[in-house]
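Visitor: If it helps, the file is called coords.cif and holds mmCIF, C-alpha atoms:
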data_data
#
loop_
_atom_site.label_atom_id
_atom_site.label_comp_id
_atom_site.auth_asym_id
_atom_site.auth_seq_id
_atom_site.Cartn_x
_atom_site.Cartn_y
_atom_site.Cartn_z
CA MET A 1 88.99 91.12 128.20
CA LYS A 2 86.08 93.35 129.08
CA ASN A 3 82.76 91.67 129.96
CA ASN A 4 84.32 88.22 129.69
CA SER A 5 81.98 86.75 132.32
CA ILE A 6 78.89 88.05 130.51
CA ARG A 7 80.24 86.65 127.25
CA THR A 8 80.84 83.27 128.90
CA VAL A 9 77.35 83.12 130.44
CA VAL A 10 75.63 84.10 127.19
CA ALA A 11 77.73 81.65 125.14
CA THR A 12 76.99 78.90 127.68
CA GLY A 13 73.25 79.53 127.52
CA ILE A 14 73.14 79.61 123.74
CA GLY A 15 75.44 76.59 123.56
CA ALA A 16 73.36 74.57 126.02
CA ALA A 17 70.20 75.38 124.07
CA LEU A 18 71.86 74.27 120.82
CA PHE A 19 73.11 71.11 122.56
CA ILE A 20 69.54 70.24 123.61
CA ILE A 21 67.90 71.01 120.27
CA ILE A 22 70.50 69.30 118.09
CA GLY A 23 70.76 66.36 120.51
CA MET A 24 67.01 65.75 120.53
CA PHE A 25 66.25 66.24 116.86
CA VAL A 26 69.44 65.35 114.97
CA ASN A 27 70.73 61.97 116.07
CA ILE A 28 71.24 58.59 114.46
CA PRO A 29 70.74 55.54 116.76
CA ILE A 30 73.57 53.00 116.55
CA PHE A 31 73.75 50.83 119.72
CA GLY A 32 71.55 50.56 122.82
CA ASN A 33 70.81 54.10 123.97
CA THR A 34 73.81 55.33 121.98
CA SER A 35 73.55 57.39 118.82
CA ILE A 36 75.61 59.65 116.61
CA GLN A 37 75.20 63.04 118.27
CA LEU A 38 75.99 66.01 116.05
CA GLN A 39 75.81 68.52 118.91
CA TYR A 40 79.36 67.54 119.89
CA ALA A 41 80.72 69.27 116.78
CA VAL A 42 78.96 72.48 117.88
CA GLN A 43 80.20 71.99 121.44
CA ALA A 44 83.75 71.71 120.11
CA LEU A 45 83.32 74.99 118.21
CA PHE A 46 82.01 76.78 121.32
CA SER A 47 84.78 75.25 123.48
CA VAL A 48 87.47 76.56 121.14
CA ILE A 49 85.96 80.03 120.66
CA PHE A 50 84.69 80.72 124.19
CA GLY A 51 87.00 78.50 126.28
CA PRO A 52 86.88 75.53 128.63
CA ILE A 53 84.33 76.93 131.11
CA THR A 54 81.78 77.49 128.35
CA GLY A 55 82.58 74.08 126.86
CA PHE A 56 82.16 72.36 130.24
CA PHE A 57 78.87 73.99 131.19
CA MET A 58 77.46 73.77 127.67
CA GLY A 59 77.95 70.00 127.84
CA PHE A 60 76.84 69.65 131.46
CA ILE A 61 73.71 71.80 131.34
CA GLY A 62 72.78 70.85 127.78
CA HIS A 63 73.15 67.11 128.30
CA ALA A 64 71.40 67.10 131.69
CA LEU A 65 68.41 69.01 130.33
CA LYS A 66 68.31 66.94 127.13
CA ASP A 67 68.26 63.68 129.10
CA GLY A 68 65.66 65.00 131.53
CA ILE A 69 63.37 66.20 128.73
CA GLN A 70 63.93 63.30 126.35
CA TYR A 71 64.14 60.32 128.73
CA GLY A 72 62.70 61.54 132.02
CA ASN A 73 65.86 60.59 133.91
CA ILE A 74 69.48 61.71 133.79
CA SER A 75 72.53 59.54 133.30
CA TRP A 76 75.04 61.62 135.25
CA ALA A 77 78.08 59.75 133.95
CA TRP A 78 77.18 60.69 130.37
CA VAL A 79 76.41 64.27 131.40
CA LEU A 80 79.85 64.49 133.03
CA ALA A 81 81.42 62.93 129.92
CA SER A 82 79.91 65.68 127.76
CA ALA A 83 81.15 68.32 130.19
CA ILE A 84 84.67 66.85 130.24
CA THR A 85 84.72 66.74 126.44
CA GLY A 86 84.03 70.48 126.25
CA LEU A 87 86.45 71.26 129.07
CA VAL A 88 89.42 69.40 127.60
CA ILE A 89 88.90 70.68 124.06
CA GLY A 90 88.65 74.22 125.47
CA LEU A 91 91.75 73.84 127.63
CA PHE A 92 93.91 73.40 124.53
CA ASN A 93 92.26 76.20 122.52
CA LYS A 94 95.47 78.26 122.32
CA LYS A 95 96.97 75.47 120.20
CA TYR A 96 94.26 76.03 117.58
CA ASP A 97 93.11 79.61 118.08
CA VAL A 98 90.70 80.12 115.19
CA THR A 99 89.79 83.65 116.29
CA THR A 100 92.97 84.87 114.55
CA GLY A 101 91.60 83.73 111.19
CA LYS A 102 94.01 80.82 110.87
CA PHE A 103 93.34 77.09 111.15
CA SER A 104 96.41 75.34 109.78
CA LEU A 105 97.03 71.64 109.34
CA MET A 106 99.02 71.65 112.59
CA SER A 107 96.10 73.35 114.35
CA MET A 108 93.75 70.66 113.01
CA ILE A 109 96.08 67.96 114.29
CA TRP A 110 96.26 69.57 117.75
CA PHE A 111 92.48 69.96 117.80
CA ASN A 112 91.93 66.30 117.00
CA LEU A 113 94.56 65.15 119.50
CA ALA A 114 92.82 67.21 122.19
CA GLN A 115 89.42 65.80 121.33
CA ALA A 116 90.85 62.26 121.32
CA LEU A 117 92.23 62.85 124.83
CA ALA A 118 88.90 64.31 125.97
CA LEU A 119 86.95 61.36 124.61
CA LEU A 120 89.39 58.83 126.05
CA ILE A 121 88.84 60.29 129.52
CA ALA A 122 85.09 60.74 129.02
CA TYR A 123 84.23 57.39 127.45
CA GLY A 124 87.14 55.24 128.58
CA ILE A 125 86.87 56.12 132.26
CA VAL A 126 83.92 58.31 133.26
CA THR A 127 80.96 56.67 131.51
CA PRO A 128 81.69 53.02 132.30
CA ILE A 129 82.50 53.68 135.96
CA GLY A 130 79.65 56.16 136.40
CA ASP A 131 77.07 53.86 134.79
CA ARG A 132 78.30 50.96 136.88
CA LEU A 133 77.77 53.04 140.02
CA GLN A 134 74.41 54.49 138.93
CA PHE A 135 72.83 51.54 137.10
CA ALA A 136 74.91 48.46 138.12
CA GLN A 137 75.15 47.28 134.50
CA ALA A 138 77.58 44.63 133.27
CA TRP A 139 81.11 45.85 132.53
CA SER A 140 81.13 44.27 129.07
CA TYR A 141 78.02 46.21 128.04
CA LEU A 142 79.31 49.43 129.60
CA TYR A 143 82.65 49.32 127.81
CA ALA A 144 81.03 48.30 124.51
CA GLN A 145 78.54 51.17 124.73
CA SER A 146 81.23 53.64 125.78
CA PHE A 147 83.55 52.50 123.00
CA VAL A 148 80.87 52.90 120.34
CA ALA A 149 79.87 56.33 121.68
CA GLY A 150 83.50 57.45 121.90
CA VAL A 151 84.29 56.40 118.33
CA ALA A 152 81.06 57.95 117.00
CA ASN A 153 81.80 61.21 118.82
CA PHE A 154 85.41 61.19 117.63
CA ILE A 155 84.29 60.88 114.01
CA THR A 156 81.57 63.51 114.51
CA ILE A 157 83.98 66.02 116.05
CA ALA A 158 86.82 65.16 113.65
CA ILE A 159 84.63 65.85 110.64
CA GLY A 160 81.98 68.28 111.86
CA GLY A 161 84.08 70.10 114.45
CA THR A 162 87.04 70.50 112.13
CA LEU A 163 84.77 71.81 109.36
CA LEU A 164 83.01 74.25 111.68
CA LEU A 165 86.35 75.54 112.98
CA ALA A 166 87.75 75.90 109.46
CA ILE A 167 84.65 77.82 108.35
CA TYR A 168 84.76 80.01 111.45
CA ALA A 169 88.49 80.74 110.99
CA SER A 170 87.94 81.67 107.34
CA SER A 171 85.29 84.18 108.42
CA ARG A 172 87.76 86.01 110.71
CA THR A 173 90.15 88.68 109.50
CA GLN A 174 93.72 87.47 109.90
CA SER A 175 95.82 89.69 112.10
CA GLY A 176 98.14 91.86 110.03
CA SER A 177 96.19 91.28 106.83
CA LEU A 178 94.89 94.82 106.57
CA THR A 179 97.24 97.49 105.29
CA LYS A 180 96.89 101.24 105.05
CA ASP A 181 97.04 102.64 101.52
#
Would you mind writing the file out in structure tokens?

Guide:
Amino acid sequence: MKNNSIRTVVATGIGAALFIIIGMFVNIPIFGNTSIQLQYAVQALFSVIFGPITGFFMGFIGHALKDGIQYGNISWAWVLASAITGLVIGLFNKKYDVTTGKFSLMSMIWFNLAQALALLIAYGIVTPIGDRLQFAQAWSYLYAQSFVAGVANFITIAIGGTLLLAIYASSRTQSGSLTKD
């Protein structure tokens, strides 16, 4: 692929900017500092189209800047969780390659299995342990907050991410669909 690094850098920058804007202005508070965050559906789209590096840095840079701007401090465990979410979804992107113009039921299943794995790692391990180290909060609160965030993000990505990927796939020309008259 020619100019792949330029493509990755540009996609990361645009993705991080979208992560910040959507994260700051389109969220629904549900528990503590936890809210339904629609930027994760967009991050999933970018992770699938542009790969795991873009997904990782979109989440890392976007979340760090969003926290810094919005709250004045950064919760590094949650930043890392966002980065891991993009990384893992992007790592499996060959299982649901929407750039070919196809997004089958099996592709949707693979996509949602990958995002479930990503969120299990991010919110089942990274956020509770990281917040415990950074903020010394009670385990019960940390796991409750992480569980709520993980479920909210799963639903957001399952609905929003799947829809975005289906729309994107339908906008691509399927390979072999053009014939010469």

Visitor: Nearest to Thr162 in chain A among A:Gln43, A:Gln70, A:Ser75, A:Ser146, with distances taken over all atoms listed in the file: which residue is it?

Guide: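 Of A:Gln43, A:Gln70, A:Ser75, A:Ser146, the one nearest Thr162 in chain A is A:Gln43, counting all atoms listed in the file.
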
Visitor: Determine the nearest neighbour of Thr54 in chain A from the options A:Gln39, A:Tyr71, A:Arg7, A:Gly23, counting only C-alpha atoms.

Guide: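 So, comparing all the options, the nearest one is A:Arg7.
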
Visitor: Could you expand the PyMOL selection byres ((chain A and resi 77) around 8) into the explicit residues it covers here, written as a count of residues only?

Guide: 12

Visitor: Looking at A:Thr173, A:Ser5, A:Thr12, A:Asn73, which one is nearest to Thr99 in chain A, with distances taken over only C-alpha atoms?

Guide: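 Going through A:Thr173, A:Ser5, A:Thr12, A:Asn73 one by one, the smallest distance to Thr99 in chain A is for A:Thr173.
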
Visitor: I'd like to know which of A:Met108, A:Phe147, A:Gly124, A:Leu119 is closest to Val48 in chain A, using all atoms listed in the file.

Guide: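 Of A:Met108, A:Phe147, A:Gly124, A:Leu119, the one nearest Val48 in chain A is A:Met108, counting all atoms listed in the file.
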
Visitor: Closest to Ala83 in chain A among A:Gly59, A:Gly13, A:Gly101, A:Gly161, using all atoms listed in the file?

Guide: A:Gly59

Visitor: My list of candidates is A:Leu163, A:Met106, A:Ala16, A:Leu45. Which is closest to Ala64 in chain A when distances are computed with only C-alpha atoms?

Guide: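 Among A:Leu163, A:Met106, A:Ala16, A:Leu45, it is A:Ala16 that comes nearest to Ala64 in chain A.
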
Visitor: Got a sec: who's within 7 Å of range 66-68 of chain A, counting all atoms listed in the file, leaving out chain neighbours fewer than 5 positions off, as JSON, numbers by chain?

Guide: {"A": [20, 24, 73, 74]}

Visitor: Calculate how many Å separate CA of Val26 in chain A from CA of Tyr40 in chain A, rounding to one decimal.

Guide: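 For CA of Val26 in chain A relative to CA of Tyr40 in chain A, the distance reads 11.3 Å.
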
Visitor: Any chance you could work out the residue set of the PyMOL selection byres ((chain A and resi 109-118) around 7) here, as a PDB file with C-alpha atoms, in the coordinates of the input?

Guide:
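Listing of expr_8.pdb after writing:
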ATOM      1  CA  ILE A  84      84.670  66.850 130.240  1.00  0.00           C
ATOM      2  CA  THR A  85      84.720  66.740 126.440  1.00  0.00           C
ATOM      3  CA  VAL A  88      89.420  69.400 127.600  1.00  0.00           C
ATOM      4  CA  ILE A  89      88.900  70.680 124.060  1.00  0.00           C
ATOM      5  CA  PHE A  92      93.910  73.400 124.530  1.00  0.00           C
ATOM      6  CA  LYS A  95      96.970  75.470 120.200  1.00  0.00           C
ATOM      7  CA  TYR A  96      94.260  76.030 117.580  1.00  0.00           C
ATOM      8  CA  LEU A 105      97.030  71.640 109.340  1.00  0.00           C
ATOM      9  CA  MET A 106      99.020  71.650 112.590  1.00  0.00           C
ATOM     10  CA  SER A 107      96.100  73.350 114.350  1.00  0.00           C
ATOM     11  CA  MET A 108      93.750  70.660 113.010  1.00  0.00           C
ATOM     12  CA  LEU A 119      86.950  61.360 124.610  1.00  0.00           C
ATOM     13  CA  LEU A 120      89.390  58.830 126.050  1.00  0.00           C
ATOM     14  CA  ILE A 121      88.840  60.290 129.520  1.00  0.00           C
ATOM     15  CA  ALA A 122      85.090  60.740 129.020  1.00  0.00           C
ATOM     16  CA  PHE A 154      85.410  61.190 117.630  1.00  0.00           C
ATOM     17  CA  ALA A 158      86.820  65.160 113.650  1.00  0.00           C
TER      18      ALA A 158
END

Visitor: CA of Val9 in chain A and CA of Tyr168 in chain A are how many Å apart?

Guide: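 Pair CA of Val9 in chain A / CA of Tyr168 in chain A returns 20.6 Å.
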
Visitor: Could you list the residues chosen by the PyMOL selection byres ((chain A and resi 37) around 10) in this structure as an MDAnalysis selection string?

Guide: chainID A and resid 19 22:29 34:36 38:41 149 152:153 156:157

Visitor: Go ahead and compute the interatomic distance for CA of Ile6 in chain A and CA of Pro52 in chain A, in Å to one decimal.

Guide: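 Going from CA of Ile6 in chain A over to CA of Pro52 in chain A covers 15.0 Å.
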
Visitor: Hey, what's within 12 Å of Thr100 in chain A if we count only C-alpha atoms and toss same-chain stuff fewer than 2 positions away? As a list in words, please?

Guide: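 The contact residues come out as Val48, Ile49, Asn93, Lys94, Lys95, Tyr96, Asp97, Val98, Lys102, Phe103, Ser104, Ser107, Leu165, Ala166, Tyr168, Ala169, Ser170, Ser171, Arg172, Thr173, Gln174, Ser175, Gly176 and Ser177 of chain A.
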
Visitor: Could you list, as a list in words, every residue within 7 Å of Phe46 in chain A, counting all atoms listed in the file and ignoring same-chain residues fewer than 4 positions away?

Guide: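 Here the qualifying residues turn out to be Gly15, Val42, Phe50 and Gly55 of chain A.
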
Visitor: With 4 Å of padding per side, what axis-aligned box (centre and edge lengths, Å, one decimal) covers all the listed atoms of range 75-82 of chain A? Give it as JSON.

Guide:
{"center_x": 77.0, "center_y": 62.6, "center_z": 131.5, "size_x": 16.9, "size_y": 14.1, "size_z": 15.5}

Visitor: Is there a way to complete range 148-164 of chain A with N, CA and C atoms and then write that out as an mmCIF file, in the coordinates of the input?

Guide:
data_model
loop_
_atom_site.group_PDB
_atom_site.id
_atom_site.type_symbol
_atom_site.label_atom_id
_atom_site.label_comp_id
_atom_site.auth_asym_id
_atom_site.auth_seq_id
_atom_site.Cartn_x
_atom_site.Cartn_y
_atom_site.Cartn_z
ATOM 1 N N VAL A 148 81.636 52.497 121.523
ATOM 2 C CA VAL A 148 80.870 52.900 120.340
ATOM 3 C C VAL A 148 80.574 54.399 120.387
ATOM 4 N N ALA A 149 80.160 54.899 121.541
ATOM 5 C CA ALA A 149 79.870 56.330 121.680
ATOM 6 C C ALA A 149 81.134 57.164 121.472
ATOM 7 N N GLY A 150 82.240 56.725 122.044
ATOM 8 C CA GLY A 150 83.500 57.450 121.900
ATOM 9 C C GLY A 150 83.964 57.529 120.461
ATOM 10 N N VAL A 151 83.884 56.415 119.745
ATOM 11 C CA VAL A 151 84.290 56.400 118.330
ATOM 12 C C VAL A 151 83.341 57.263 117.502
ATOM 13 N N ALA A 152 82.037 57.138 117.747
ATOM 14 C CA ALA A 152 81.060 57.950 117.000
ATOM 15 C C ALA A 152 81.291 59.439 117.255
ATOM 16 N N ASN A 153 81.547 59.798 118.500
ATOM 17 C CA ASN A 153 81.800 61.210 118.820
ATOM 18 C C ASN A 153 83.128 61.683 118.247
ATOM 19 N N PHE A 154 84.129 60.810 118.236
ATOM 20 C CA PHE A 154 85.410 61.190 117.630
ATOM 21 C C PHE A 154 85.220 61.518 116.156
ATOM 22 N N ILE A 155 84.524 60.657 115.445
ATOM 23 C CA ILE A 155 84.290 60.880 114.010
ATOM 24 C C ILE A 155 83.462 62.151 113.802
ATOM 25 N N THR A 156 82.427 62.319 114.616
ATOM 26 C CA THR A 156 81.570 63.510 114.510
ATOM 27 C C THR A 156 82.376 64.787 114.715
ATOM 28 N N ILE A 157 83.192 64.818 115.760
ATOM 29 C CA ILE A 157 83.980 66.020 116.050
ATOM 30 C C ILE A 157 85.103 66.181 115.022
ATOM 31 N N ALA A 158 85.732 65.072 114.630
ATOM 32 C CA ALA A 158 86.820 65.160 113.650
ATOM 33 C C ALA A 158 86.337 65.743 112.332
ATOM 34 N N ILE A 159 85.163 65.334 111.903
ATOM 35 C CA ILE A 159 84.630 65.850 110.640
ATOM 36 C C ILE A 159 83.883 67.161 110.860
ATOM 37 N N GLY A 160 82.818 67.106 111.651
ATOM 38 C CA GLY A 160 81.980 68.280 111.860
ATOM 39 C C GLY A 160 82.673 69.399 112.591
ATOM 40 N N GLY A 161 83.375 69.073 113.672
ATOM 41 C CA GLY A 161 84.080 70.100 114.450
ATOM 42 C C GLY A 161 85.185 70.758 113.655
ATOM 43 N N THR A 162 85.958 69.953 112.940
ATOM 44 C CA THR A 162 87.040 70.500 112.130
ATOM 45 C C THR A 162 86.480 71.412 111.031
ATOM 46 N N LEU A 163 85.402 70.974 110.389
ATOM 47 C CA LEU A 163 84.770 71.810 109.360
ATOM 48 C C LEU A 163 84.230 73.117 109.927
ATOM 49 N N LEU A 164 83.537 73.036 111.055
ATOM 50 C CA LEU A 164 83.010 74.250 111.680
ATOM 51 C C LEU A 164 84.132 75.219 112.056
#
